[in-house]
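For reference, data15.txt is printed below; it contains compact mmCIF, C-alpha atoms.
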# COMPACT_ATOMS: atom_id res chain seq x y z
CA MET A 1 8.40 22.91 18.00
CA VAL A 2 8.78 26.19 16.21
CA MET A 3 10.39 26.19 12.83
CA GLN A 4 13.69 28.05 12.86
CA SER A 5 14.26 28.07 9.11
CA GLY A 6 11.07 27.33 7.24
CA GLY A 7 12.88 28.97 4.34
CA GLY A 8 9.78 29.56 2.26
CA ALA A 9 8.16 26.16 2.62
CA GLU A 10 4.51 26.56 1.73
CA TYR A 11 3.29 23.74 3.93
CA ASP A 12 4.15 21.69 6.96
CA GLY A 13 4.01 18.05 7.87
CA ASN A 14 0.30 18.12 8.68
CA LEU A 15 -0.15 17.86 4.92
CA LEU A 16 1.63 14.48 4.86
CA SER A 17 -1.11 12.70 6.81
CA GLY A 18 -3.16 11.53 3.82
CA PRO A 19 -0.25 10.68 1.50
CA LEU A 20 1.51 8.72 4.28
CA ALA A 21 -1.71 6.83 5.01
CA ASP A 22 -1.09 5.10 1.66
CA VAL A 23 1.97 3.50 3.23
CA PHE A 24 1.51 3.33 7.01
CA ALA A 25 -1.36 1.97 9.07
CA VAL A 26 -0.85 4.51 11.85
CA GLU A 27 -1.01 8.31 11.87
CA VAL A 28 2.62 9.20 11.19
CA THR A 29 2.33 13.00 11.51
CA THR A 30 2.40 12.67 15.32
CA ALA A 31 5.62 10.62 15.18
CA VAL A 32 9.00 12.15 16.02
CA ALA A 33 11.61 12.13 13.24
CA ARG A 34 15.28 12.54 14.08
CA CYS A 35 17.34 14.32 11.46
CA GLY A 36 20.24 12.28 10.17
CA GLY A 37 22.14 15.49 9.51
CA CYS A 38 21.92 17.70 12.62
CA GLY A 39 20.26 15.26 15.03
CA LEU A 40 17.27 17.50 15.79
CA SER A 41 14.11 15.63 16.75
CA SER A 42 10.90 17.10 15.28
CA VAL A 43 7.28 16.06 15.23
CA VAL A 44 6.56 15.10 11.61
CA ALA A 45 3.64 17.58 11.57
CA GLU A 46 6.15 20.40 12.14
CA LEU A 47 8.53 19.59 9.28
CA ALA A 48 8.85 22.12 6.44
CA VAL A 49 7.00 20.62 3.47
CA TYR A 50 7.32 21.52 -0.20
CA GLY A 51 5.06 20.23 -2.96
CA PRO A 52 2.73 18.65 -3.77
CA ASP A 53 4.14 18.33 -7.32
CA PRO A 54 6.13 16.51 -8.56
CA GLY A 55 6.33 15.01 -5.08
CA LEU A 56 6.28 15.96 -1.41
CA VAL A 57 9.58 16.90 0.20
CA ALA A 58 9.89 17.35 3.99
CA ARG A 59 12.89 19.17 5.43
CA CYS A 60 14.31 19.48 8.94
CA PRO A 61 13.17 22.74 10.60
CA GLY A 62 16.63 23.03 12.18
CA CYS A 63 19.09 22.52 9.30
CA ALA A 64 16.84 22.19 6.22
CA ASP A 65 18.22 18.74 5.31
CA VAL A 66 15.73 16.54 3.45
CA LEU A 67 14.17 14.03 5.86
CA LEU A 68 11.50 12.52 3.66
CA ARG A 69 10.46 12.41 0.02
CA LEU A 70 7.20 10.93 -1.17
CA VAL A 71 6.40 10.49 -4.85
CA ARG A 72 3.47 8.75 -6.51
CA THR A 73 3.76 7.09 -9.87
CA PRO A 74 0.78 5.47 -11.62
CA ASP A 75 1.50 2.11 -9.98
CA SER A 76 3.65 2.85 -6.91
CA VAL A 77 4.34 5.09 -3.98
CA TRP A 78 8.04 5.87 -3.47
CA LEU A 79 9.06 6.81 0.06
CA ASP A 80 12.63 7.98 0.68
CA LEU A 81 13.49 8.24 4.37
CA SER A 82 17.26 8.18 3.91
CA GLY A 83 17.69 11.56 5.66
CA THR A 84 15.83 10.39 8.75
CA SER A 85 17.88 8.49 11.35
CA THR A 86 14.92 7.35 13.48
CA LEU A 87 11.15 7.59 13.44
CA ARG A 88 9.53 7.21 16.87
CA VAL A 89 5.85 6.39 16.50
CA PRO A 90 3.69 6.83 19.62
CA ILE A 91 1.45 3.93 20.53
CA PRO A 92 -2.11 5.09 21.31
CA GLU A 93 -2.78 4.99 25.08
CA SER A 94 -5.56 2.49 24.58
CA GLU A 95 -3.10 0.03 23.01
CA ARG A 96 -0.35 0.31 25.62
CA PRO A 97 0.18 -2.55 28.07
CA ASP A 98 -1.67 -1.99 31.33
CA LEU A 99 1.27 -1.84 33.77
CA ALA A 100 -1.03 -1.83 36.80
CA GLN A 101 -2.00 -5.43 36.05
CA THR A 102 1.50 -6.81 35.55
CA MET B 1 -11.46 -2.17 22.52
CA ALA B 2 -8.12 -0.96 21.29
CA ARG B 3 -9.28 -0.89 17.68
CA ALA B 4 -11.75 1.86 18.49
CA ALA B 5 -8.82 4.25 19.00
CA VAL B 6 -9.02 5.38 15.40
CA PRO B 7 -12.59 6.35 14.48
CA GLY B 8 -13.80 3.96 11.83
CA GLY B 9 -10.71 1.78 12.02
CA LEU B 10 -7.41 2.08 10.22
CA ARG B 11 -8.36 1.29 6.67
CA VAL B 12 -11.00 4.03 6.35
CA ARG B 13 -8.47 6.82 6.73
CA ARG B 14 -6.74 6.01 3.47
CA THR B 15 -9.78 4.98 1.48
CA TRP B 16 -11.19 7.53 -0.95
CA ARG B 17 -14.92 7.69 -0.39
CA PRO B 18 -17.68 9.47 -2.33
CA ALA B 19 -18.89 12.70 -0.77
CA THR B 20 -22.06 14.39 -1.98
CA LEU B 21 -22.60 18.11 -1.67
CA VAL B 22 -25.86 18.67 0.23
CA ASP B 23 -25.62 22.36 1.07
CA ARG B 24 -23.42 25.39 0.64
CA ARG B 25 -23.26 28.69 2.50
CA ILE B 26 -21.69 32.00 1.52
CA GLU B 27 -19.33 33.11 4.31
CA THR B 28 -17.52 36.04 2.65
CA PRO B 29 -17.20 37.28 -0.96
CA SER B 30 -14.54 34.59 -1.51
CA ALA B 31 -15.27 31.86 1.07
CA ARG B 32 -17.92 29.17 0.95
CA THR B 33 -18.85 26.48 3.43
CA LEU B 34 -19.58 23.15 1.77
CA VAL B 35 -21.69 20.61 3.60
CA LEU B 36 -20.79 17.12 2.37
CA GLU B 37 -22.44 13.82 3.13
CA VAL B 38 -20.13 10.83 3.43
CA GLU B 39 -21.78 7.51 4.09
CA GLY B 40 -20.44 5.82 7.20
CA TRP B 41 -18.43 8.83 8.42
CA ALA B 42 -17.36 7.90 11.95
CA GLY B 43 -16.52 11.33 13.33
CA HIS B 44 -13.35 13.35 13.77
CA LEU B 45 -11.47 15.59 16.17
CA PRO B 46 -11.47 19.39 15.93
CA GLY B 47 -8.40 20.45 13.95
CA GLN B 48 -8.33 17.39 11.68
CA HIS B 49 -8.55 17.71 7.92
CA VAL B 50 -9.59 15.71 4.88
CA ASP B 51 -8.04 15.34 1.46
CA VAL B 52 -10.50 16.15 -1.33
CA ARG B 53 -9.95 14.56 -4.74
CA LEU B 54 -11.41 15.68 -8.05
CA THR B 55 -11.41 13.54 -11.18
CA ALA B 56 -11.82 15.10 -14.61
CA GLU B 57 -13.67 13.38 -17.46
CA ASP B 58 -10.34 12.43 -19.04
CA GLY B 59 -9.26 10.71 -15.81
CA TYR B 60 -6.92 13.46 -14.60
CA GLN B 61 -6.97 13.62 -10.82
CA THR B 62 -5.89 16.23 -8.35
CA SER B 63 -6.32 16.57 -4.60
CA ARG B 64 -6.07 19.23 -1.89
CA SER B 65 -6.27 19.23 1.89
CA TYR B 66 -9.06 21.12 3.64
CA SER B 67 -9.66 21.55 7.35
CA LEU B 68 -12.92 20.32 8.81
CA ALA B 69 -14.85 23.36 10.02
CA ALA B 70 -17.22 21.75 12.52
CA PRO B 71 -17.81 18.59 14.51
CA ALA B 72 -19.43 15.87 12.41
CA ASP B 73 -23.23 15.84 12.30
CA GLY B 74 -23.83 12.16 11.58
CA ALA B 75 -22.67 11.59 8.01
CA ARG B 76 -22.39 15.32 7.34
CA LEU B 77 -19.17 17.23 7.45
CA GLU B 78 -18.35 20.86 6.72
CA LEU B 79 -15.40 22.38 4.91
CA THR B 80 -14.88 26.09 4.35
CA VAL B 81 -13.10 26.81 1.09
CA GLN B 82 -11.43 30.13 0.31
CA ARG B 83 -11.28 30.78 -3.42
CA THR B 84 -7.74 31.43 -4.66
CA ALA B 85 -7.63 33.37 -7.94
CA GLY B 86 -6.13 31.18 -10.66
CA GLY B 87 -6.23 28.12 -8.41
CA GLU B 88 -6.92 24.69 -9.84
CA VAL B 89 -9.29 23.34 -7.21
CA SER B 90 -10.61 26.05 -4.90
CA PRO B 91 -12.53 28.09 -7.55
CA PHE B 92 -14.27 24.91 -8.67
CA LEU B 93 -15.24 23.91 -5.13
CA ALA B 94 -16.21 27.46 -4.17
CA ASP B 95 -18.28 28.33 -7.23
CA GLU B 96 -19.11 25.35 -9.41
CA LEU B 97 -19.74 22.29 -7.29
CA ALA B 98 -23.54 22.05 -7.10
CA PRO B 99 -25.82 20.26 -4.65
CA GLY B 100 -25.94 16.59 -5.62
CA ASP B 101 -22.47 16.67 -7.19
CA GLN B 102 -19.86 14.24 -5.88
CA VAL B 103 -16.20 14.52 -5.01
CA GLU B 104 -14.05 12.03 -3.11
CA VAL B 105 -12.64 12.50 0.39
CA ARG B 106 -10.30 10.56 2.61
CA GLY B 107 -9.82 11.05 6.31
CA PRO B 108 -10.09 12.15 9.01
CA LEU B 109 -6.39 13.05 8.81
CA GLY B 110 -3.86 14.52 11.20
CA GLY B 111 -3.36 14.06 14.91
CA TRP B 112 -1.02 16.89 15.93
CA PHE B 113 -2.99 20.05 15.23
CA VAL B 114 -6.01 18.84 17.22
CA TRP B 115 -7.73 19.93 20.40
CA ARG B 116 -9.38 17.29 22.54
CA PRO B 117 -12.41 18.44 24.54
CA GLU B 118 -11.15 16.59 27.62
CA GLU B 119 -8.16 18.98 27.82
CA VAL B 120 -9.09 21.52 30.49
CA GLY B 121 -6.25 24.08 30.20
CA PRO B 122 -6.50 27.51 28.61
CA VAL B 123 -6.24 27.72 24.84
CA LEU B 124 -5.03 30.51 22.58
CA LEU B 125 -6.16 30.34 18.97
CA VAL B 126 -4.44 32.62 16.46
CA ALA B 127 -5.85 32.66 12.94
CA GLY B 128 -4.64 34.33 9.77
CA GLY B 129 -7.35 34.58 7.09
CA SER B 130 -8.91 31.21 6.27
CA GLY B 131 -6.62 29.68 8.92
CA VAL B 132 -9.60 30.25 11.18
CA VAL B 133 -11.33 27.14 9.79
CA PRO B 134 -9.76 24.40 11.98
CA LEU B 135 -9.83 26.80 14.96
CA MET B 136 -13.57 27.31 14.42
CA ALA B 137 -13.98 23.54 14.61
CA MET B 138 -12.38 23.74 18.09
CA VAL B 139 -14.64 26.64 19.14
CA ARG B 140 -17.71 24.77 17.95
CA ALA B 141 -16.66 21.48 19.55
CA ARG B 142 -16.11 23.26 22.88
CA ALA B 143 -19.63 24.70 23.13
CA GLY B 144 -21.67 22.98 25.81
CA VAL B 145 -18.99 20.32 26.37
CA SER B 146 -15.91 22.02 27.80
CA ARG B 147 -15.26 24.98 30.09
CA ALA B 148 -11.64 25.35 28.96
CA PRO B 149 -11.07 29.10 28.55
CA PHE B 150 -10.53 30.02 24.89
CA ARG B 151 -9.17 33.19 23.36
CA LEU B 152 -9.28 33.66 19.60
CA VAL B 153 -7.17 36.33 17.91
CA TYR B 154 -8.26 36.52 14.28
CA SER B 155 -6.22 38.48 11.74
CA VAL B 156 -7.97 39.51 8.52
CA ARG B 157 -7.34 42.14 5.88
CA ALA B 158 -10.64 43.96 6.31
CA PRO B 159 -14.00 43.48 8.08
CA GLU B 160 -15.64 41.92 5.01
CA ASP B 161 -13.03 39.13 5.03
CA ARG B 162 -14.11 37.77 8.42
CA ILE B 163 -15.38 34.21 8.07
CA TYR B 164 -18.01 33.15 10.65
CA ALA B 165 -18.33 36.74 11.99
CA PRO B 166 -22.01 36.56 13.06
CA GLU B 167 -21.56 33.17 14.74
CA LEU B 168 -18.40 34.29 16.52
CA ARG B 169 -20.22 37.40 17.80
CA ARG B 170 -23.01 35.23 19.15
CA ARG B 171 -20.68 32.65 20.68
CA ALA B 172 -18.56 35.33 22.37
CA GLN B 173 -21.75 36.36 24.20
CA GLU B 174 -23.31 32.96 24.80
CA ASP B 175 -20.45 30.44 25.12
CA GLY B 176 -19.01 31.32 28.52
CA GLY B 177 -15.24 31.66 28.53
CA LEU B 178 -14.73 32.48 24.85
CA ASP B 179 -13.12 35.80 23.89
CA VAL B 180 -12.76 36.90 20.28
CA ALA B 181 -10.53 39.75 19.08
CA TYR B 182 -9.89 40.92 15.52
CA VAL B 183 -6.67 42.27 14.08
CA TYR B 184 -7.14 44.12 10.79
CA THR B 185 -4.12 44.26 8.53
CA ARG B 186 -5.28 46.63 5.77
CA ALA B 187 -8.58 48.30 6.66
CA ALA B 188 -9.96 48.54 10.19
CA PRO B 189 -13.49 49.65 11.10
CA GLU B 190 -13.68 53.35 11.98
CA ASP B 191 -14.34 52.69 15.66
CA ASP B 192 -11.34 50.37 16.05
CA PRO B 193 -8.68 52.18 18.12
CA ARG B 194 -5.99 49.94 16.62
CA PRO B 195 -4.59 51.21 13.31
CA ALA B 196 -4.59 48.60 10.53
CA GLY B 197 -1.38 46.63 10.35
CA ARG B 198 0.16 43.20 10.72
CA ILE B 199 -0.20 41.36 14.00
CA ARG B 200 2.25 42.53 16.64
CA ALA B 201 3.47 41.45 20.05
CA GLU B 202 1.08 43.95 21.73
CA ASP B 203 -1.91 42.24 20.07
CA LEU B 204 -0.98 38.89 21.55
CA VAL B 205 -0.26 40.46 24.96
CA ALA B 206 -3.62 42.28 24.97
CA HIS B 207 -5.76 39.40 23.67
CA GLY B 208 -3.78 36.25 24.46
CA TRP B 209 -2.67 34.55 27.71
CA PRO B 210 0.41 35.27 29.79
CA PRO B 211 2.90 32.39 29.52
CA ASP B 212 2.50 31.50 33.21
CA PHE B 213 -1.12 30.51 32.48
CA GLU B 214 0.48 27.71 30.43
CA PRO B 215 -1.93 27.88 27.50
CA THR B 216 -1.77 25.58 24.53
CA CYS B 217 -1.41 27.81 21.46
CA TYR B 218 -2.79 26.85 18.06
CA VAL B 219 -1.65 29.00 15.14
CA CYS B 220 -3.00 28.51 11.62
CA GLY B 221 -2.65 30.58 8.48
CA PRO B 222 -0.30 31.28 5.61
CA THR B 223 3.31 30.32 6.30
CA PRO B 224 4.71 33.86 6.89
CA PHE B 225 1.87 34.60 9.31
CA VAL B 226 2.34 31.36 11.24
CA GLU B 227 6.08 31.84 11.55
CA ALA B 228 5.71 35.48 12.64
CA VAL B 229 3.13 34.59 15.31
CA ALA B 230 5.06 31.56 16.56
CA GLY B 231 8.16 33.76 16.84
CA LEU B 232 6.23 36.40 18.83
CA LEU B 233 4.84 33.76 21.19
CA VAL B 234 8.27 32.26 21.82
CA ALA B 235 9.67 35.76 22.46
CA GLN B 236 6.90 36.28 25.04
CA GLY B 237 8.04 33.17 26.87
CA HIS B 238 5.64 30.53 25.62
CA PRO B 239 7.53 27.23 25.42
CA SER B 240 7.75 26.03 21.84
CA ASP B 241 6.30 22.62 22.75
CA ARG B 242 3.02 24.34 23.70
CA ILE B 243 2.74 25.99 20.28
CA ARG B 244 1.08 23.93 17.57
CA THR B 245 1.11 25.24 14.06
CA GLU B 246 -0.53 24.52 10.73
CA ARG B 247 0.70 26.25 7.59
CA PHE B 248 -0.95 26.40 4.24
CA GLY B 249 0.56 28.07 1.26
CA GLY B 250 -2.57 29.70 -0.06
CA VAL B 251 -4.39 26.50 -1.00
CA SER B 252 -5.00 26.66 -4.72
What is this structure when it is put down as structure tokens?
Amino acid sequence: MVMQSGGGAEYDGNLLSGPLADVFAVEVTTAVARCGGCGLSSVVAELAVYGPDPGLVARCPGCADVLLRLVRTPDSVWLDLSGTSTLRVPIPESERPDLAQT
Amino acid sequence: MARAAVPGGLRVRRTWRPATLVDRRIETPSARTLVLEVEGWAGHLPGQHVDVRLTAEDGYQTSRSYSLAAPADGARLELTVQRTAGGEVSPFLADELAPGDQVEVRGPLGGWFVWRPEEVGPVLLVAGGSGVVPLMAMVRARAGVSRAPFRLVYSVRAPEDRIYAPELRRRAQEDGGLDVAYVYTRAAPEDDPRPAGRIRAEDLVAHGWPPDFEPTCYVCGPTPFVEAVAGLLVAQGHPSDRIRTERFGGVS
């Protein structure tokens, strides 16, 4: 996916890998996020990311709506996904059911 | 076993682990390669990165992401750090961290901007400045393992800014199927027929792959560079789902 309106974001979603590992057990940057605003589906790695201080903000490359905000406080990690309608996380091939045997 | 899908298991990725500087190499006047030893490092894919965390004596912490520059050598991993004037972290890592000193790292991180040696198709790598680092990890991982044809187009301001120049010259001769071309934006060598200037469509036509070769394109560099190159590739007919990008905003 090629960003249509990076609009000056310094980073992209690749940067979210470590911070999201605090919350999720799987690598989320390869997941597909669907924008609750315009409906565009984007790989998380290709979102327009601003930050890192005071927090990380990821915007839709299509319409620039905020899809994700991630803020650390001394005792918590706050994750706001209210702009994301769905997050489709791929299951590694080695963990998929073996259809040939069923 | 399914659990082996993530090297080292799931928990390791998010755990900060001590990393000891064992060697450093000068790459350019402003870039240094740091060789770090991390006990129990279980390997990584070319294109992945680590987060590096520094802790000050008063407890203040700050972290930055750095691409891994080479395949893992046991517990040793390599980062190449470009010093950013006035930056908080990169001048310290580039100039002050001494052999024996420790930082913390977590990773390996990222799964999108990666090349897997079992992928046989042609690859176009387009680097802007220190964006060459994760692409160099792909070039190094390919050697002796893969015959996938690689073309690297590397944009730098001037000849002295080329990171890995001697190794790239050697690999272009010895690693079959690797082509390397430089695009100089401010000062070109005298014998370069191309006048200095930003990367253009003609550069990617001359040194890249035609779209019908269906290459996977990896583009890494500062955000304006990445967006310009991705736009040029799309205009040439490369489908956007074959273009993988990594942007960094001048890591400070």
ask   = Nearest to B:Glu246: which of A:Asp53, A:Glu93, A:Asp22, A:Glu46 is it, counting all atoms listed in the file?
value = A:Glu46
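Across the structure, atom CA of B:Phe213 and atom CA of B:Arg140 are spaced 22.8 Å apart.
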task = Measuring atom to atom with all atoms listed in the file, identify which of B:Tyr60, B:Phe92, B:Phe113, B:Trp41 is nearest to A:Ser17.
result = B:Phe113
inquiry  = Near chain B, meaning an atom within 7 Å, which residues of chain A appear when counting only C-alpha atoms? Write them as JSON, numbers by chain.
reply    = {"A": [1, 2, 10, 11, 12, 14, 15, 17, 18, 21, 22, 25, 27, 29, 30, 45, 94, 95]}
request  = Grab the atom CA of B:Ala127 to atom CA of A:Val89 distance for me, in Å with one decimal place.
outcome  = 29.0 Å
query = Any idea what's packed within 7 Å of A:Val71, counting only C-alpha atoms, ignoring anything in its chain fewer than 3 positions away? Could you give it as a PyMOL selection string?
reply = chain A and resi 55-56+77-79
task = Tell me, as a ChimeraX atom specification, which residues lie within 9 Å of B:Ala188, counting all atoms listed in the file; anything in the same chain fewer than 4 positions away does not count.
result = /B:157-159,183-184,192-197
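Note that the spacing between atom CA of B:Pro134 and atom CA of B:Trp209 amounts to 20.0 Å.
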As JSON, please report the centre and edge lengths, rounded to one decimal in Å, of the axis-aligned box that holds all listed atoms of stretch 33-47 of chain A with 8 Å of padding on each of the six sides.
{"center_x": 12.9, "center_y": 16.3, "center_z": 13.0, "size_x": 34.5, "size_y": 24.3, "size_z": 23.5}
query = With distances taken over all atoms listed in the file, which of B:Thr20, B:Pro71, B:Glu78, B:Thr84 is nearest to B:Val139?
reply = B:Pro71
request  = Just give me the residues with any atom within 8 Å of (-8.3, 36.9, 15.8), file coordinates, counting all atoms listed in the file, written as a VMD selection string.
outcome  = chain B and resid 125 to 128 152 to 156 180 to 183
Pull C-alpha atoms from the residues just selected and write them as a PDB file, in the frame of the given file.
ATOM      1  CA  LEU B 125      -6.160  30.340  18.970  1.00  0.00           C
ATOM      2  CA  VAL B 126      -4.440  32.620  16.460  1.00  0.00           C
ATOM      3  CA  ALA B 127      -5.850  32.660  12.940  1.00  0.00           C
ATOM      4  CA  GLY B 128      -4.640  34.330   9.770  1.00  0.00           C
ATOM      5  CA  LEU B 152      -9.280  33.660  19.600  1.00  0.00           C
ATOM      6  CA  VAL B 153      -7.170  36.330  17.910  1.00  0.00           C
ATOM      7  CA  TYR B 154      -8.260  36.520  14.280  1.00  0.00           C
ATOM      8  CA  SER B 155      -6.220  38.480  11.740  1.00  0.00           C
ATOM      9  CA  VAL B 156      -7.970  39.510   8.520  1.00  0.00           C
ATOM     10  CA  VAL B 180     -12.760  36.900  20.280  1.00  0.00           C
ATOM     11  CA  ALA B 181     -10.530  39.750  19.080  1.00  0.00           C
ATOM     12  CA  TYR B 182      -9.890  40.920  15.520  1.00  0.00           C
ATOM     13  CA  VAL B 183      -6.670  42.270  14.080  1.00  0.00           C
TER      14      VAL B 183
END
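Close contacts of A:Leu40, defined as residues with an atom at most 10 Å away when counting all atoms listed in the file, with chain neighbours fewer than 2 positions off set aside, comprise Val32, Ala33, Arg34, Cys35, Gly36, Gly37, Cys38, Ser42, Cys60, Pro61, Gly62 and Cys63 of chain A.
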task = Pick out the residues sitting within 6 Å of stretch 64-68 of chain A, and hand them over as a list in words; count only C-alpha atoms, and ignore anything fewer than 2 positions along from it in its own chain.
result = Val57, Ala58, Arg59, Cys60, Pro61, Asp80, Leu81, Gly83 and Thr84 of chain A
For B:Arg83: contacts at 9 Å, all atoms listed in the file, fewer than 5 positions along chain excluded, given as a PyMOL selection string = chain B and resi 30-32+89-95+251-252
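Of the listed residues (B:Leu178, B:Val81, B:Leu97, B:Cys217), B:Val81 comes nearest to B:Ile163; the distances count only C-alpha atoms.
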